[in-house]
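**Student:** My questions all concern the structure below.
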Amino acid sequence: MTTTDAADAPDWEKRFRAPRVSLPDWAEDAPDRSLFVSNATGTYELYAWDRASGRQRQVTDRPNGTTDGVLTPDGEAVWWFSDTDGDEFGVWMRQPFGGGEDEPAAPGLAPSYPAGLAIGRDGSAVIGRSTDEDGTTVHLVRAPGAEPVEIYRHRESAGVGDLSHDGTLIALEHTEHGDAMHSALRVVRPDGSTVAELDDTEGGTKELGLSVLGFAPVAGDTRLLVGHQRRGRWEPMIWDPVAGTETPLPIDLPGDVGAEWYPDGSALLVEHEFEARSELWRYEPGAAAPVRVETPAGTVSGATARPDGTVEYLWSSAAQPPVVRSTSGAVVLDPPGAKAPPSVAVEDAWVEGPGGRIHALVQKPATGEGPFPTIFEIHGGPTWHDSDAFASGPAAWVDHGFAVVRVNYRGSTGYGRAWTDALKHRVGLIELEDIAAVREWSVKSGLADPERLVLAGGSWGGYLTLLGLGTQPGAWALGLAAVPVADYVTAYHDEMEALKAMDRTLLGGTPEEVPERFEASSPLTYVDAVRAPVYISAGVNDPRCPIRQVENYVDRLAARGAVHEVYRYDAGHGSLVVEERIKQVRLELEFALKHLGGGAVQGA
């Protein structure tokens with residue numbers, strides 16, 4: 001697209017094309033060296049940034065993009081994960097920070113799905129791997145190019161959490177108890193011997209999880225910051241696996257609370273999520289309470305404390321595009337090029353549902369009055385949540401006269417452990433009960449036109465879309481499903497091993513052990529009841545929602561002449577190419593407007 005064409009493009013396309021940057025990560029012992037992700041070339045890739053000189057350079061350049069990378073503590077090298085066209089199966093590569101040839105970072109390890117990475121100050125690395133054949137393995141590579149040594153193996157899912165400052169302790173998250181939603185922790189030495197265990201699941205009989213937040217960044221300090229759910233939500237505590245002590249923290253904030261260390265280990269940077277917004281706090285161990293770090297209302301998508309005590313954070317709201325800011329008042333990293341046009345703010349809706357109050361976020365066109373054609377844009381995960389953050393996709397629908405409703409159904413994070421854990425065994429059906437309650441509210445309130453209701457989403461949201469079209473066939477005028485689970489049994493057999501473990505947890509076993517649950521939760525079971533036109537997009541290399549199970553569903557639609565369209569693209573679980581993302585949104589808009597009326601797609 002030429003510069004003139006870009007300037008004349010509609011706002012919804014400009015939002016996708018506007019240059020964006022992630023929150024820069026920085027090398028622990030060389031804080032002027034940073035790594036970030038940007039779409040500056042039209043594809044999301046990794047960039048190195050020398051803050052002292054201001055020099056930036058592109059580290060990776062691949063047709064389908066790259067987003068997984070980390071700096072070594074000394075800032076001398078970038079590790080990045082190399083898969084094939086988005087299939088998430090590959091190896092770690094290593095490139096000098098200043099530029100040069102890529103080389104395999106651990107040449108003795110065969111390709112796998114990644115399961116965590118921690119790099120030591122002595123040049124060692126702890127690499128987590130997952131394969132269908134071996135389950136999870138963890139390997140220690142003592143120096144670049146050295147022979148990997150296996151220090152952990154288990155069939156259930158696990159991952160590398162962190163490596164202590166001096167490299168003598170390794171924190172692992174594991175689900176050996178069989179509950180993939182609630183991890184236990186184990187700290188081991190480089191030889192694999194166990195130092196200590198922390199398990200809140202009581203062998204899988206109790207549904208409480210733990211997560212690794214990071215070792216104290218100080219030499220000789222064995223304290224580990226961990227997340228726990230003992231009070232019904234995520235919050236941090238300090239565990240010293242060597243001393244055997246646990247220190248609760250008096251951070252009494254509603255919602256979920258995470259944290260990371262300040263670089264000198266003197267305080268914690270607390271990230272607080274509550275009712276689809278987030279904020280930052282500083283807490284000094286031993287203090288009576290945290291102190292607020294001022295940020296604008298909206299969503300902080302990531303934050304880090306710098307050695308000088310300032311905090312850098314990535315912020316946005318539904319109305320305002322993302323920006324990397326500092327508590328010093330400066331914009332930290334401002335990419336060149338046209339800025340994304342703003343969108344409209346979200347409004348909160350609270351709806352009584354069968355499992356309690358449901359929180360939904362609503363955006364309405366700036367002009368006109370309802371009822372509007374309305375798209376229910378359902379988030380993936382399922383353990384995730386929609387927030388008051390900038391999103392180009394929903395903004396495109398608002399530009400075309402649609403109201404957008406996003407539902408934080410049971411299973412969503414940010415509303416307490418009971419809300420997140422509620423979807424077990426009746427998978428998909430519980431979430432759809434909440435979506436149905438919000439749908440009914442949207443019509444009764446005058447927001448939504450009952451004849452022009454669209455159910456849409458990607459990944460788990462795509463799954464819920466197909467399941468909803470079949471189980472609630474009279475409720476929806478149209479469905480748009482991106483990278484969905486469509487045939488749950490086939491998806492289970494074809495997906496990556498870590499997701500098999502999650503499905504066994506959600507449904508209580510394998511398709512052979514609980515066939516009735518898989519059948520009840522599979523969109524394929526209800527495909528013959530689908531009455532609404534349905535549009536499906538799928539990545540042919542997707543390891544999470546594999547293509548074969550999508551084709552099974554499409555074949556059933558085609559066999560009975562159901563109205564549908566399918567778009568297949570050469571990538572994995574979504575695309576990192578900007579023009580591909582725009583194409584996919586345009587195709588969805590065209591499909592919806594063709595079947596619902598409402599004119600042409602802007603810029604098409």
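The chains in the structure tokens are called A, B, ... from first to last as shown; in each chain the residues are counted from 1, and the ligands are counted from 1 in the order shown.
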Would you mind writing down, as a ChimeraX atom specification, each residue of range 70-204 of chain A that DSSP on the backbone assigns to strand (DSSP E)?

**Tutor:** /A:70-71,77-82,91-96,103-104,113-119,125-131,135-141,149-154,158-163,170-174,184-188,194-198

**Student:** Sorted by chain and rising residue number, which residues of range 232-312 of chain A lie within 12 Å of range 348-356 of chain A, and what are their closest atom pairs and distances in Å to one decimal, counting only C-alpha atoms, as a Markdown table?

**Tutor:**
| residue | atom | partner | partner_atom | distance |
| --- | --- | --- | --- | --- |
| A:Glu275 | CA | A:Asp348 | CA | 9.1 |
| A:Ala276 | CA | A:Asp348 | CA | 9.2 |
| A:Arg277 | CA | A:Asp348 | CA | 11.0 |

**Student:** Could you please determine the separation between CA of Gly462 in chain A and CA of Ile582 in chain A in Å, to one decimal place?

**Tutor:** 18.0 Å

**Student:** Write out as a list in words each polymer residue whose atoms come within 12 Å of Asp191 in chain A, counting only C-alpha atoms; drop sequence neighbours fewer than 2 positions from it.

**Tutor:** Val126, Val138, His139, Leu140, Val141, Arg142, Pro148, Val149, Glu150, Ile151, Tyr152, Gly167, Thr168, Leu169, Ile170, Val187, Val188, Arg189, Ser193, Thr194 and Val195 of chain A

**Student:** So that each row is one residue of range 20-128 of chain A with an atom at most 12 Å from range 256-273 of chain A, can you give its shortest atom pair and the distance in Å to one decimal, using only C-alpha atoms, rows by chain and rising number, as a tab-separated table?

**Tutor:**
residue	atom	partner	partner_atom	distance
A:Trp26	CA	A:Pro263	CA	11.1
A:Ala27	CA	A:Pro263	CA	11.0
A:Glu28	CA	A:Pro263	CA	7.9
A:Asp29	CA	A:Pro263	CA	9.9
A:Ala30	CA	A:Pro263	CA	11.9
A:Pro31	CA	A:Pro263	CA	10.1

**Student:** Now that the selection is made, can you save its residues with C-alpha atoms as a CSV table (one decimal), in the first residue's frame?

**Tutor:**
chain,number,residue,atom,x,y,z
A,26,TRP,CA,15.8,-4.9,29.5
A,27,ALA,CA,18.9,-6.9,30.4
A,28,GLU,CA,19.3,-7.3,34.2
A,29,ASP,CA,23.0,-6.4,34.2
A,30,ALA,CA,23.0,-4.0,31.2
A,31,PRO,CA,19.8,-2.0,31.7

**Student:** Between CA of Gly474 in chain A and CA of Ala436 in chain A, what is the distance in Å, rounded to a tenth?

**Tutor:**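 According to the coordinates, CA of Gly474 in chain A and CA of Ala436 in chain A are separated by 11.5 Å.
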
**Student:** Excluding same-chain residues fewer than 2 positions from range 208-217 of chain A, what lies within 8 Å of it counting only C-alpha atoms, as a VMD selection string?

**Tutor:** chain A and resid 161 to 165 171 to 173 181 to 185 199 to 201 206 219 221 to 230 258 to 261 263 to 265

**Student:** Keeping only N, CA, C and O atoms, write those residues as a compact mmCIF listing (two decimals), in the first residue's frame.

**Tutor:**
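Just written: result.txt:
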# COMPACT_ATOMS: atom_id res chain seq x y z
N GLY A 161 10.00 -21.73 35.65
CA GLY A 161 9.53 -20.47 36.20
C GLY A 161 10.60 -19.42 36.27
O GLY A 161 10.47 -18.33 35.71
N ASP A 162 11.73 -19.71 36.93
CA ASP A 162 12.80 -18.73 37.06
C ASP A 162 14.07 -19.41 37.55
O ASP A 162 14.04 -20.55 38.03
N LEU A 163 15.16 -18.66 37.45
CA LEU A 163 16.48 -19.09 37.90
C LEU A 163 16.98 -18.04 38.88
O LEU A 163 16.87 -16.83 38.62
N SER A 164 17.52 -18.47 40.03
CA SER A 164 17.96 -17.51 41.03
C SER A 164 19.14 -16.69 40.53
O SER A 164 19.81 -17.04 39.55
N HIS A 165 19.41 -15.57 41.20
CA HIS A 165 20.44 -14.62 40.78
C HIS A 165 21.79 -15.29 40.59
O HIS A 165 22.52 -15.00 39.63
N ALA A 171 13.28 -22.66 39.76
CA ALA A 171 11.87 -22.81 40.14
C ALA A 171 11.07 -23.37 38.98
O ALA A 171 11.12 -22.84 37.87
N LEU A 172 10.33 -24.45 39.23
CA LEU A 172 9.49 -25.09 38.23
C LEU A 172 8.03 -25.02 38.66
O LEU A 172 7.72 -25.12 39.85
N GLU A 173 7.16 -24.84 37.68
CA GLU A 173 5.72 -25.04 37.89
C GLU A 173 5.36 -26.39 37.29
O GLU A 173 5.80 -26.71 36.18
N MET A 181 -5.06 -26.78 35.62
CA MET A 181 -5.46 -25.41 35.92
C MET A 181 -4.81 -24.87 37.19
O MET A 181 -4.85 -23.67 37.45
N HIS A 182 -4.21 -25.77 37.99
CA HIS A 182 -3.67 -25.36 39.29
C HIS A 182 -2.30 -25.99 39.48
O HIS A 182 -2.19 -27.17 39.83
N SER A 183 -1.27 -25.20 39.25
CA SER A 183 0.09 -25.71 39.32
C SER A 183 0.59 -25.78 40.76
O SER A 183 0.19 -24.99 41.63
N ALA A 184 1.52 -26.70 41.00
CA ALA A 184 2.33 -26.75 42.21
C ALA A 184 3.73 -26.27 41.85
O ALA A 184 4.08 -26.16 40.66
N LEU A 185 4.54 -25.98 42.86
CA LEU A 185 5.89 -25.47 42.63
C LEU A 185 6.93 -26.43 43.19
O LEU A 185 6.72 -27.07 44.23
N ASP A 199 2.82 -27.04 47.39
CA ASP A 199 1.68 -27.60 46.67
C ASP A 199 0.41 -27.28 47.43
O ASP A 199 0.18 -27.80 48.52
N ASP A 200 -0.41 -26.40 46.86
CA ASP A 200 -1.68 -26.04 47.49
C ASP A 200 -2.84 -26.89 47.00
O ASP A 200 -3.99 -26.66 47.40
N THR A 201 -2.55 -27.85 46.11
CA THR A 201 -3.64 -28.69 45.60
C THR A 201 -3.89 -29.91 46.47
O THR A 201 -4.86 -30.62 46.26
N LYS A 206 -7.56 -30.52 46.07
CA LYS A 206 -7.96 -29.16 46.40
C LYS A 206 -7.60 -28.25 45.24
O LYS A 206 -6.49 -28.32 44.71
N ALA A 219 22.17 -11.09 44.78
CA ALA A 219 23.08 -12.22 44.99
C ALA A 219 22.92 -12.80 46.39
O ALA A 219 22.87 -12.06 47.37
N ASP A 221 20.34 -14.13 47.73
CA ASP A 221 18.97 -14.04 48.25
C ASP A 221 18.16 -15.19 47.68
O ASP A 221 18.00 -15.31 46.45
N THR A 222 17.64 -16.05 48.52
CA THR A 222 16.91 -17.24 48.06
C THR A 222 15.39 -17.06 48.10
O THR A 222 14.65 -18.02 47.90
N ARG A 223 14.93 -15.84 48.36
CA ARG A 223 13.48 -15.60 48.40
C ARG A 223 12.88 -15.69 46.99
O ARG A 223 13.47 -15.20 46.02
N LEU A 224 11.72 -16.31 46.93
CA LEU A 224 11.00 -16.46 45.67
C LEU A 224 9.62 -15.83 45.82
O LEU A 224 8.87 -16.17 46.75
N LEU A 225 9.29 -14.91 44.93
CA LEU A 225 7.96 -14.31 44.91
C LEU A 225 7.03 -15.25 44.15
O LEU A 225 7.32 -15.65 43.01
N VAL A 226 5.93 -15.64 44.78
CA VAL A 226 4.99 -16.57 44.15
C VAL A 226 3.58 -16.00 44.23
O VAL A 226 3.24 -15.21 45.12
N GLY A 227 2.74 -16.40 43.28
CA GLY A 227 1.33 -16.09 43.32
C GLY A 227 0.57 -17.26 43.92
O GLY A 227 0.90 -18.42 43.66
N HIS A 228 -0.46 -16.97 44.74
CA HIS A 228 -1.26 -18.03 45.35
C HIS A 228 -2.73 -17.64 45.32
O HIS A 228 -3.09 -16.49 45.03
N GLN A 229 -3.59 -18.62 45.62
CA GLN A 229 -5.05 -18.42 45.58
C GLN A 229 -5.71 -18.76 46.91
O GLN A 229 -6.89 -19.08 46.96
N ARG A 230 -5.00 -18.66 47.99
CA ARG A 230 -5.48 -19.14 49.28
C ARG A 230 -6.66 -18.33 49.82
O ARG A 230 -7.39 -18.81 50.68
N GLY A 258 -0.92 -9.29 41.08
CA GLY A 258 0.36 -9.88 40.73
C GLY A 258 1.47 -8.93 41.16
O GLY A 258 1.21 -7.80 41.59
N ALA A 259 2.73 -9.35 41.04
CA ALA A 259 3.82 -8.49 41.47
C ALA A 259 5.13 -8.96 40.85
O ALA A 259 5.26 -10.10 40.40
N GLU A 260 6.09 -8.04 40.83
CA GLU A 260 7.46 -8.38 40.48
C GLU A 260 8.39 -7.53 41.34
O GLU A 260 7.97 -6.53 41.94
N TRP A 261 9.65 -7.94 41.43
CA TRP A 261 10.61 -7.25 42.26
C TRP A 261 11.08 -5.95 41.61
O TRP A 261 11.23 -5.87 40.39
N PRO A 263 14.40 -3.73 40.96
CA PRO A 263 15.72 -4.30 40.63
C PRO A 263 16.66 -4.53 41.81
O PRO A 263 17.50 -5.42 41.76
N ASP A 264 16.52 -3.74 42.89
CA ASP A 264 17.41 -3.94 44.04
C ASP A 264 16.80 -4.85 45.10
O ASP A 264 17.40 -5.08 46.15
N GLY A 265 15.61 -5.38 44.83
CA GLY A 265 14.97 -6.30 45.77
C GLY A 265 14.36 -5.64 46.98
O GLY A 265 13.89 -6.33 47.90

**Student:** Using only C-alpha atoms, pick whichever of A:Gly65, A:Gly428, A:Gly204, A:Pro285 has the shortest atom-to-atom distance to Ile238 in chain A.

**Tutor:**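 That would be A:Pro285, the residue with the smallest distance to Ile238 in chain A.
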
**Student:** What are the closest atom pairs, with distances in Å to one decimal, for each residue of range 401-486 of chain A lying within 10 Å of range 584-594 of chain A, using only C-alpha atoms, rows by chain and rising residue number, as JSON lines?

**Tutor:**
{"residue": "A:Arg452", "atom": "CA", "partner": "A:Ala592", "partner_atom": "CA", "distance": 9.5}
{"residue": "A:Val454", "atom": "CA", "partner": "A:Ala592", "partner_atom": "CA", "distance": 8.1}
{"residue": "A:Ala456", "atom": "CA", "partner": "A:Glu588", "partner_atom": "CA", "distance": 9.6}
{"residue": "A:Ala477", "atom": "CA", "partner": "A:Ala592", "partner_atom": "CA", "distance": 9.4}
{"residue": "A:Leu478", "atom": "CA", "partner": "A:Ala592", "partner_atom": "CA", "distance": 7.1}
{"residue": "A:Gly479", "atom": "CA", "partner": "A:Ala592", "partner_atom": "CA", "distance": 8.5}
{"residue": "A:Leu480", "atom": "CA", "partner": "A:Glu588", "partner_atom": "CA", "distance": 6.9}
{"residue": "A:Ala481", "atom": "CA", "partner": "A:Glu588", "partner_atom": "CA", "distance": 9.3}
{"residue": "A:Ala482", "atom": "CA", "partner": "A:Gln584", "partner_atom": "CA", "distance": 9.2}

**Student:** Save the residues we just selected, all heavy atoms, as a PDB file, in the first residue's frame?

**Tutor:**
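Result went into result.pdb, see below:
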ATOM      1  N   ARG A 452     -30.645  -8.839  14.569  1.00  0.00           N
ATOM      2  CA  ARG A 452     -29.299  -8.666  14.019  1.00  0.00           C
ATOM      3  C   ARG A 452     -28.244  -8.835  15.119  1.00  0.00           C
ATOM      4  O   ARG A 452     -27.441  -7.966  15.389  1.00  0.00           O
ATOM      5  CB  ARG A 452     -29.163  -7.306  13.334  1.00  0.00           C
ATOM      6  CG  ARG A 452     -30.018  -7.162  12.073  1.00  0.00           C
ATOM      7  CD  ARG A 452     -29.700  -5.882  11.319  1.00  0.00           C
ATOM      8  NE  ARG A 452     -30.125  -4.699  12.057  1.00  0.00           N
ATOM      9  CZ  ARG A 452     -29.826  -3.448  11.692  1.00  0.00           C
ATOM     10  NH1 ARG A 452     -29.063  -3.228  10.623  1.00  0.00           N
ATOM     11  NH2 ARG A 452     -30.265  -2.420  12.403  1.00  0.00           N
ATOM     12  N   VAL A 454     -25.017 -10.943  16.381  1.00  0.00           N
ATOM     13  CA  VAL A 454     -23.893 -11.723  15.857  1.00  0.00           C
ATOM     14  C   VAL A 454     -23.119 -12.311  17.026  1.00  0.00           C
ATOM     15  O   VAL A 454     -22.758 -11.598  17.967  1.00  0.00           O
ATOM     16  CB  VAL A 454     -22.956 -10.841  15.003  1.00  0.00           C
ATOM     17  CG1 VAL A 454     -21.793 -11.665  14.467  1.00  0.00           C
ATOM     18  CG2 VAL A 454     -23.729 -10.189  13.868  1.00  0.00           C
ATOM     19  N   ALA A 456     -19.567 -14.021  17.907  1.00  0.00           N
ATOM     20  CA  ALA A 456     -18.257 -14.050  17.257  1.00  0.00           C
ATOM     21  C   ALA A 456     -17.160 -14.233  18.291  1.00  0.00           C
ATOM     22  O   ALA A 456     -17.332 -13.940  19.476  1.00  0.00           O
ATOM     23  CB  ALA A 456     -18.022 -12.752  16.472  1.00  0.00           C
ATOM     24  N   ALA A 477     -28.354 -14.345  14.668  1.00  0.00           N
ATOM     25  CA  ALA A 477     -28.587 -14.165  13.231  1.00  0.00           C
ATOM     26  C   ALA A 477     -27.386 -14.554  12.400  1.00  0.00           C
ATOM     27  O   ALA A 477     -27.508 -14.806  11.197  1.00  0.00           O
ATOM     28  CB  ALA A 477     -28.947 -12.703  12.946  1.00  0.00           C
ATOM     29  N   LEU A 478     -26.213 -14.651  13.046  1.00  0.00           N
ATOM     30  CA  LEU A 478     -24.984 -14.879  12.290  1.00  0.00           C
ATOM     31  C   LEU A 478     -23.881 -15.293  13.249  1.00  0.00           C
ATOM     32  O   LEU A 478     -23.890 -14.897  14.422  1.00  0.00           O
ATOM     33  CB  LEU A 478     -24.587 -13.574  11.586  1.00  0.00           C
ATOM     34  CG  LEU A 478     -23.465 -13.652  10.548  1.00  0.00           C
ATOM     35  CD1 LEU A 478     -24.057 -13.372   9.166  1.00  0.00           C
ATOM     36  CD2 LEU A 478     -22.395 -12.612  10.838  1.00  0.00           C
ATOM     37  N   GLY A 479     -22.930 -16.073  12.754  1.00  0.00           N
ATOM     38  CA  GLY A 479     -21.789 -16.474  13.573  1.00  0.00           C
ATOM     39  C   GLY A 479     -20.473 -16.283  12.839  1.00  0.00           C
ATOM     40  O   GLY A 479     -20.381 -16.549  11.636  1.00  0.00           O
ATOM     41  N   LEU A 480     -19.451 -15.816  13.566  1.00  0.00           N
ATOM     42  CA  LEU A 480     -18.107 -15.610  13.015  1.00  0.00           C
ATOM     43  C   LEU A 480     -17.116 -16.286  13.954  1.00  0.00           C
ATOM     44  O   LEU A 480     -16.895 -15.822  15.079  1.00  0.00           O
ATOM     45  CB  LEU A 480     -17.784 -14.115  12.925  1.00  0.00           C
ATOM     46  CG  LEU A 480     -18.781 -13.225  12.169  1.00  0.00           C
ATOM     47  CD1 LEU A 480     -18.453 -11.750  12.408  1.00  0.00           C
ATOM     48  CD2 LEU A 480     -18.755 -13.536  10.684  1.00  0.00           C
ATOM     49  N   ALA A 481     -16.523 -17.376  13.514  1.00  0.00           N
ATOM     50  CA  ALA A 481     -15.637 -18.160  14.370  1.00  0.00           C
ATOM     51  C   ALA A 481     -14.228 -18.191  13.787  1.00  0.00           C
ATOM     52  O   ALA A 481     -14.026 -18.686  12.677  1.00  0.00           O
ATOM     53  CB  ALA A 481     -16.171 -19.584  14.527  1.00  0.00           C
ATOM     54  N   ALA A 482     -13.268 -17.670  14.540  1.00  0.00           N
ATOM     55  CA  ALA A 482     -11.870 -17.682  14.112  1.00  0.00           C
ATOM     56  C   ALA A 482     -11.097 -18.713  14.930  1.00  0.00           C
ATOM     57  O   ALA A 482     -11.286 -18.815  16.144  1.00  0.00           O
ATOM     58  CB  ALA A 482     -11.257 -16.296  14.287  1.00  0.00           C
TER      59      ALA A 482
END

**Student:** Which value, in Å to one decimal, gives the distance between CA of Gly574 in chain A and CA of Ala532 in chain A?

**Tutor:**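 Value for the CA of Gly574 in chain A-CA of Ala532 in chain A distance: 24.2 Å.
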
**Student:** So, counting only C-alpha atoms, which residue among A:Leu23, A:Ala7, A:Leu253, A:Val514 is closest to Ser301 in chain A?

**Tutor:**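 The shortest atom-to-atom distance to Ser301 in chain A comes from A:Leu23.
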
**Student:** Which neighbours of range 529-531 of chain A fall inside 7 Å, counting only C-alpha atoms, when residues of the same chain fewer than 4 positions from it are skipped, and could you give them as a VMD selection string?

**Tutor:** chain A and resid 469 to 470 473

**Student:** Determine which residues of range 391-525 of chain A receive a DSSP assignment of helix (DSSP H, G or I), computed from the backbone, and state them as an MDAnalysis selection string.

**Tutor:** chainID A and resid 392:399 417:421 429:444 460:471 488:494 497:507 515:521 523:525

**Student:** Would you give me, as a tab-separated table, each residue of range 296-322 of chain A having an atom within 10 Å of an atom of range 386-410 of chain A, along with its shortest atom pair and that distance in Å to one decimal, using only C-alpha atoms and sorting by chain and residue number?

**Tutor:**
residue	atom	partner	partner_atom	distance
A:Ala297	CA	A:Asp388	CA	8.8
A:Gly298	CA	A:Asp388	CA	5.5
A:Thr299	CA	A:Ala389	CA	5.5
A:Val300	CA	A:Ala389	CA	8.3
A:Ser301	CA	A:Ala389	CA	8.4
A:Trp315	CA	A:Ala389	CA	8.0
A:Ser316	CA	A:Ala389	CA	5.2
A:Ser317	CA	A:Ala389	CA	4.0
A:Ala318	CA	A:Phe390	CA	4.1
A:Ala319	CA	A:Phe390	CA	6.3
A:Gln320	CA	A:Phe390	CA	6.2
A:Pro321	CA	A:Phe390	CA	5.4
A:Pro322	CA	A:Phe390	CA	6.7

**Student:** Please build the interface table for range 53-88 of chain A against range 533-543 of chain A with a cut-off of 10 Å, listing for each qualifying residue the nearest atom pair and the distance in Å to one decimal; count only C-alpha atoms, order rows by chain and increasing number, and write it as a Markdown table.

**Tutor:**
| residue | atom | partner | partner_atom | distance |
| --- | --- | --- | --- | --- |
| A:Thr84 | CA | A:Asn541 | CA | 8.4 |
| A:Asp85 | CA | A:Asn541 | CA | 6.9 |
| A:Gly86 | CA | A:Asn541 | CA | 6.4 |
| A:Asp87 | CA | A:Asn541 | CA | 5.1 |
| A:Glu88 | CA | A:Pro543 | CA | 7.1 |

**Student:** When you count only C-alpha atoms, which of these residues is closest to Ile375 in chain A: A:Trp476, A:Phe274, A:Tyr488, A:Tyr283?

**Tutor:**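 Checking each of A:Trp476, A:Phe274, A:Tyr488, A:Tyr283 against Ile375 in chain A, counting only C-alpha atoms, the winner is A:Trp476.
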
**Student:** Using only C-alpha atoms, which of the listed residues (A:Gly90, A:Pro523, A:Pro104, A:Gly368) sits closest to Leu557 in chain A?

**Tutor:**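 Nearest candidate to Leu557 in chain A out of A:Gly90, A:Pro523, A:Pro104, A:Gly368: A:Pro523.
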